[in-house]
>>> print(open('query_13.pdb').read())   # PDB, C-alpha atoms
MODEL        1
ATOM      1  CA  MET K 127       9.890  35.586 -10.754
ATOM      2  CA  VAL K 128      10.235  32.839  -8.151
ATOM      3  CA  SER K 129       7.431  30.314  -8.095
ATOM      4  CA  GLN K 130       6.381  29.099  -4.708
ATOM      5  CA  LYS K 131       4.854  25.667  -4.473
ATOM      6  CA  LYS K 132       2.274  25.247  -1.808
ATOM      7  CA  ALA K 133       2.745  22.226   0.428
ATOM      8  CA  MET K 134      -0.075  19.697   0.215
ATOM      9  CA  LEU K 135      -1.443  18.380   3.471
ATOM     10  CA  TYR K 136      -3.161  15.030   3.747
ATOM     11  CA  THR K 137      -5.354  13.465   6.378
ATOM     12  CA  ARG K 138      -5.201   9.897   5.087
ATOM     13  CA  TYR K 139      -2.504   8.004   3.287
ATOM     14  CA  PRO K 140      -3.828   5.215   1.076
ATOM     15  CA  LEU K 141      -3.395   1.643   2.210
ATOM     16  CA  SER K 142      -0.805   1.050  -0.533
ATOM     17  CA  SER K 143       1.500   3.723   0.952
ATOM     18  CA  ILE K 144       1.122   2.298   4.462
ATOM     19  CA  VAL K 145       1.831  -1.242   3.253
ATOM     20  CA  ILE K 146       4.935  -0.082   1.363
ATOM     21  CA  TYR K 147       6.226   1.982   4.309
ATOM     22  CA  ASN K 148       5.744  -0.843   6.816
ATOM     23  CA  GLY K 149       6.863  -3.492   4.326
ATOM     24  CA  VAL K 150      10.146  -1.679   3.726
ATOM     25  CA  THR K 151      10.565  -1.245   7.495
ATOM     26  CA  VAL K 152       9.878  -4.887   8.367
ATOM     27  CA  LEU K 153      12.043  -6.195   5.515
ATOM     28  CA  HIS K 154      14.886  -3.900   6.582
ATOM     29  CA  TYR K 155      14.735  -5.230  10.141
ATOM     30  CA  LEU K 156      14.388  -8.888   9.125
ATOM     31  CA  PHE K 157      17.191  -8.797   6.566
ATOM     32  CA  GLY K 158      19.334  -6.856   9.046
ATOM     33  CA  GLY K 159      18.812  -9.495  11.735
ATOM     34  CA  ILE K 160      19.420 -12.342   9.294
ATOM     35  CA  GLY K 161      22.570 -10.609   8.022
ATOM     36  CA  ILE K 162      23.926 -10.309  11.557
ATOM     37  CA  ILE K 163      23.190 -13.965  12.322
ATOM     38  CA  LEU K 164      24.626 -15.222   9.023
ATOM     39  CA  GLY K 165      27.643 -12.932   9.137
ATOM     40  CA  TYR K 166      28.662 -14.086  12.580
ATOM     41  CA  ASN K 167      28.461 -17.766  11.522
ATOM     42  CA  PHE K 168      25.262 -18.841  13.282
ATOM     43  CA  SER K 169      27.116 -18.933  16.605
ATOM     44  CA  TRP K 170      25.365 -18.332  19.908
ATOM     45  CA  ILE K 171      26.692 -14.768  19.856
ATOM     46  CA  ALA K 172      25.284 -14.322  16.347
ATOM     47  CA  TYR K 173      21.838 -15.456  17.469
ATOM     48  CA  LEU K 174      22.097 -13.237  20.544
ATOM     49  CA  LEU K 175      23.167 -10.153  18.555
ATOM     50  CA  GLY K 176      20.628 -10.781  15.802
ATOM     51  CA  SER K 177      17.817 -11.328  18.306
ATOM     52  CA  LEU K 178      18.766  -8.260  20.333
ATOM     53  CA  TYR K 179      18.826  -6.178  17.169
ATOM     54  CA  LEU K 180      15.405  -7.454  16.060
ATOM     55  CA  ALA K 181      13.908  -6.855  19.524
ATOM     56  CA  PHE K 182      15.366  -3.331  19.608
ATOM     57  CA  ALA K 183      14.290  -2.434  16.072
ATOM     58  CA  PHE K 184      10.718  -3.703  16.326
ATOM     59  CA  THR K 185      10.273  -2.280  19.846
ATOM     60  CA  GLN K 186      11.454   1.213  18.925
ATOM     61  CA  MET K 187       9.230   1.278  15.848
ATOM     62  CA  TYR K 188       6.073  -0.528  16.836
ATOM     63  CA  VAL K 189       5.971   0.031  20.628
ATOM     64  CA  LEU K 190       7.884   3.197  21.503
ATOM     65  CA  MET K 191       6.739   5.232  18.522
ATOM     66  CA  PRO K 192       2.993   4.791  19.187
ATOM     67  CA  LEU K 193       3.529   5.324  22.929
ATOM     68  CA  ILE K 194       5.959   8.259  22.881
ATOM     69  CA  VAL K 195       6.002   9.997  19.487
ATOM     70  CA  CYS K 196       2.549   9.511  17.957
ATOM     71  CA  PRO K 197       0.540  11.056  20.827
ATOM     72  CA  ASN K 198       2.264  14.391  20.092
ATOM     73  CA  CYS K 199       1.727  14.221  16.324
ATOM     74  CA  VAL K 200      -0.936  16.149  14.462
ATOM     75  CA  TYR K 201      -2.231  12.901  12.935
ATOM     76  CA  TYR K 202      -3.199  11.717  16.411
ATOM     77  CA  ARG K 203      -5.749  14.543  16.643
ATOM     78  CA  LEU K 204      -7.052  14.743  13.092
ATOM     79  CA  LYS K 205     -10.411  13.053  12.733
ATOM     80  CA  ASN K 206     -10.282   9.920  10.540
ATOM     81  CA  SER K 207      -6.581  10.493   9.846
ATOM     82  CA  LEU K 208      -4.055   7.888   8.800
ATOM     83  CA  CYS K 209      -0.350   8.703   8.747
ATOM     84  CA  ILE K 210       2.220   7.036   6.488
ATOM     85  CA  SER K 211       2.975   4.359   9.106
ATOM     86  CA  GLY K 212      -0.609   3.915  10.277
ATOM     87  CA  LEU K 213       0.682   3.951  13.850
ATOM     88  CA  ASN K 214      -1.466   6.944  14.805
ATOM     89  CA  VAL K 215      -4.474   4.592  14.796
ATOM     90  CA  ILE K 216      -2.738   2.189  17.199
ATOM     91  CA  SER K 217      -1.497   5.075  19.312
ATOM     92  CA  LYS K 218      -5.042   6.367  19.822
ATOM     93  CA  LYS K 219      -5.937   2.977  21.324
ATOM     94  CA  ILE K 220      -2.955   2.581  23.653
ATOM     95  CA  ALA K 221      -1.760   6.078  24.595
ATOM     96  CA  ARG K 222      -3.190   9.320  25.886
ATOM     97  CA  ALA K 223      -2.974  12.410  23.719
ATOM     98  CA  GLY K 224       0.169  14.450  24.171
ATOM     99  CA  GLU K 225       0.948  18.013  23.157
ATOM    100  CA  ILE K 226       1.640  18.958  19.555
ATOM    101  CA  LYS K 227       4.241  21.421  20.833
ATOM    102  CA  ASP K 228       6.165  18.411  22.224
ATOM    103  CA  PHE K 229       6.441  16.667  18.828
ATOM    104  CA  PRO K 230       9.886  18.211  18.107
ATOM    105  CA  LYS K 231      11.188  16.641  21.336
ATOM    106  CA  ARG K 232      11.391  13.325  19.466
ATOM    107  CA  GLY K 233      14.703  14.684  18.133
ATOM    108  CA  GLU K 234      16.210  16.024  21.368
ATOM    109  CA  GLY K 235      18.863  14.206  23.367
ATOM    110  CA  LEU K 236      21.219  11.316  22.784
ATOM    111  CA  PHE K 237      18.597   8.590  23.242
ATOM    112  CA  CYS K 238      15.755  10.454  21.560
ATOM    113  CA  HIS K 239      13.393   8.520  19.342
ATOM    114  CA  ASN K 240      14.851   9.956  16.119
ATOM    115  CA  ASN K 241      18.280   8.591  17.092
ATOM    116  CA  LEU K 242      16.810   5.204  18.045
ATOM    117  CA  TYR K 243      14.923   5.114  14.737
ATOM    118  CA  THR K 244      18.113   5.917  12.828
ATOM    119  CA  ALA K 245      20.113   3.370  14.834
ATOM    120  CA  ALA K 246      17.602   0.660  13.943
ATOM    121  CA  LYS K 247      18.284   1.366  10.284
ATOM    122  CA  VAL K 248      22.080   1.745  10.484
ATOM    123  CA  VAL K 249      23.148  -0.870  13.075
ATOM    124  CA  PRO K 250      22.816  -3.917  10.787
ATOM    125  CA  ILE K 251      24.753  -2.169   8.033
ATOM    126  CA  ILE K 252      27.587  -1.322  10.418
ATOM    127  CA  ALA K 253      27.471  -4.811  11.976
ATOM    128  CA  MET K 254      27.753  -6.526   8.583
ATOM    129  CA  ILE K 255      30.722  -4.518   7.240
ATOM    130  CA  PRO K 256      33.427  -6.260   9.310
ATOM    131  CA  VAL K 257      32.029  -9.735   8.683
ATOM    132  CA  LEU K 258      31.794  -9.034   4.975
ATOM    133  CA  ILE K 259      35.540  -8.503   5.093
ATOM    134  CA  LEU K 260      36.369 -11.388   7.476
ATOM    135  CA  ASN K 261      33.735 -13.908   6.440
ATOM    136  CA  PHE K 262      32.803 -12.985   2.875
ATOM    137  CA  SER K 263      30.024 -14.804   1.094
ATOM    138  CA  PHE K 264      27.875 -13.786  -1.841
ATOM    139  CA  LEU K 265      24.749 -14.451   0.224
ATOM    140  CA  LEU K 266      25.934 -12.093   2.948
ATOM    141  CA  LEU K 267      26.842  -9.504   0.315
ATOM    142  CA  ALA K 268      23.358  -9.826  -1.190
ATOM    143  CA  ILE K 269      21.745  -9.368   2.239
ATOM    144  CA  PHE K 270      23.981  -6.375   2.950
ATOM    145  CA  LEU K 271      23.118  -4.766  -0.392
ATOM    146  CA  THR K 272      19.420  -5.476   0.229
ATOM    147  CA  VAL K 273      19.538  -3.710   3.602
ATOM    148  CA  VAL K 274      21.410  -0.745   2.095
ATOM    149  CA  GLY K 275      18.949  -0.688  -0.820
ATOM    150  CA  LEU K 276      15.959  -0.677   1.529
ATOM    151  CA  LEU K 277      17.500   2.224   3.450
ATOM    152  CA  LEU K 278      18.086   4.179   0.225
ATOM    153  CA  LEU K 279      14.563   3.387  -0.965
ATOM    154  CA  ARG K 280      13.211   4.809   2.293
ATOM    155  CA  ILE K 281      15.357   7.952   2.056
ATOM    156  CA  PHE K 282      14.971   8.777  -1.627
ATOM    157  CA  VAL K 283      11.550   7.416  -2.565
ATOM    158  CA  VAL K 284       9.238   6.679   0.345
ATOM    159  CA  PHE K 285       9.855   9.836   2.409
ATOM    160  CA  PRO K 286      10.517  12.778   0.087
ATOM    161  CA  LYS K 287       7.690  12.225  -2.344
ATOM    162  CA  PRO K 288       4.899   9.765  -1.733
ATOM    163  CA  ILE K 289       4.662   7.710  -4.889
ATOM    164  CA  PHE K 290       1.049   6.870  -4.314
ATOM    165  CA  ARG K 291      -1.988   9.078  -4.455
ATOM    166  CA  THR K 292      -2.995  10.597  -1.138
ATOM    167  CA  PHE K 293      -6.189  12.344  -0.173
ATOM    168  CA  PRO K 294      -5.995  16.105   0.500
ATOM    169  CA  ILE K 295      -7.414  17.730   3.626
ATOM    170  CA  GLU K 296     -10.868  19.040   2.989
TER     171      GLU K 296
ENDMDL
END
>>> encode(input="query_13.pdb", output="C-alpha cells")
Amino acid sequence: MVSQKKAMLYTRYPLSSIVIYNGVTVLHYLFGGIGIILGYNFSWIAYLLGSLYLAFAFTQMYVLMPLIVCPNCVYYRLKNSLCISGLNVISKKIARAGEIKDFPKRGEGLFCHNNLYTAAKVVPIIAMIPVLILNFSFLLLAIFLTVVGLLLLRIFVVFPKPIFRTFPIE
C-alpha cells in the first residue's frame, strides 16, 4: 500500500521564517559582492563589478520580484497572507494584481525572473573561482565557502521543508 501525504498549504509564514529567508538572501548578496571586490584586489574594476552585482541582485529580488512575479502569485490574493519572503505585502502596495495563470511565466525565456534569481545566487560563486586560483587568500576562501554554504542552506533547508512552524489555511 502506497501512502500519500497531503500537501499542507499555509496563508502566513511566521516572522522567524521570513527573517531567515531574507537574512540568507541579503547575506548571500553582501558576501558575494564583498568576495568580488576582495578577489579582484580592491581595484576600480573590482568596485565596479561588486557594485554592479549588488545592484543587480538586490534589484531583481526586492524590486522586480514584487513588481513582476508577486502580483501573479496566489499569496497576493489571499487575505492576510504572508509568503516566505514577505514580498507579497510590498507587492500589494506597489503593483496591480496580475493573473494567477501567468505565475508560471516567471520561468519562461532567457531573461525570465527565475533565471535572474538564479544568476544572482550563482554569479558571485563563478566570479570568485578564478581569483581564488590567481589571488588566493584564506579570507577570500572563507567568503567563497560562506556564499556556497548560504546557497546550499537555501536549497536544502529553507526551501524544501520550512524549519519553522507555519499556520495552516483555515
>>> resolve_selection(input="query_13.pdb", expression="the PyMOL selection byres ((chain K and resi 266-270) around 10)", output="PyMOL selection string")
chain K and resi 154+157-165+250-255+257-259+261-265+271-276
>>> residues_around(input="query_13.pdb", residues="stretch 191-199 of chain K", least_positions_apart="4", cutoff="8 Å", atoms="only C-alpha atoms", output="list of chain:residue names")
K:Gln186, K:Met187, K:Arg203, K:Leu213, K:Asn214, K:Ile216, K:Ser217, K:Lys218, K:Ile220, K:Ala221, K:Arg222, K:Ala223, K:Gly224, K:Glu225, K:Ile226, K:Lys227, K:Asp228, K:Phe229, K:Arg232, K:His239
>>> atom_distance(input="query_13.pdb", atom1="atom CA of K:Ser211", atom2="atom CA of K:Val152")
11.6 Å
>>> atom_distance(input="query_13.pdb", atom1="atom CA of K:Tyr139", atom2="atom CA of K:Val249")
28.9 Å
>>> atom_distance(input="query_13.pdb", atom1="atom CA of K:Lys219", atom2="atom CA of K:Asn148")
19.0 Å
>>> closest_residue(input="query_13.pdb", among="K:Trp170, K:Phe282, K:Phe237, K:Tyr147", to="K:Ile210", atoms="only C-alpha atoms")
K:Tyr147
>>> closest_residue(input="query_13.pdb", among="K:Asn241, K:Lys205, K:Gly233, K:Val150", to="K:Thr137", atoms="all atoms listed in the file")
K:Lys205
>>> closest_residue(input="query_13.pdb", among="K:Phe182, K:Lys231, K:Asn206, K:Val283", to="K:Thr244", atoms="only C-alpha atoms")
K:Phe182
>>> closest_residue(input="query_13.pdb", among="K:Leu277, K:Ala183, K:Cys238, K:Cys209", to="K:Ile144", atoms="only C-alpha atoms")
K:Cys209
>>> residues_around(input="query_13.pdb", residues="K:Ala181", least_positions_apart="6", cutoff="12 Å", atoms="all atoms listed in the file", output="JSON, numbers by chain")
{"K": [155, 156, 158, 159, 173, 174, 175, 187, 188, 189, 190, 246]}
>>> closest_residue(input="query_13.pdb", among="K:Val284, K:Tyr179, K:Pro140, K:Glu234", to="K:Val248", atoms="only C-alpha atoms")
K:Tyr179
>>> axis_aligned_box(input="query_13.pdb", around="stretch 274-283 of chain K", padding_each_side="3 Å", output="lines of an AutoDock Vina configuration file")
center_x = 16.5
center_y = 4.0
center_z = 0.4
size_x = 15.9
size_y = 15.5
size_z = 12.0
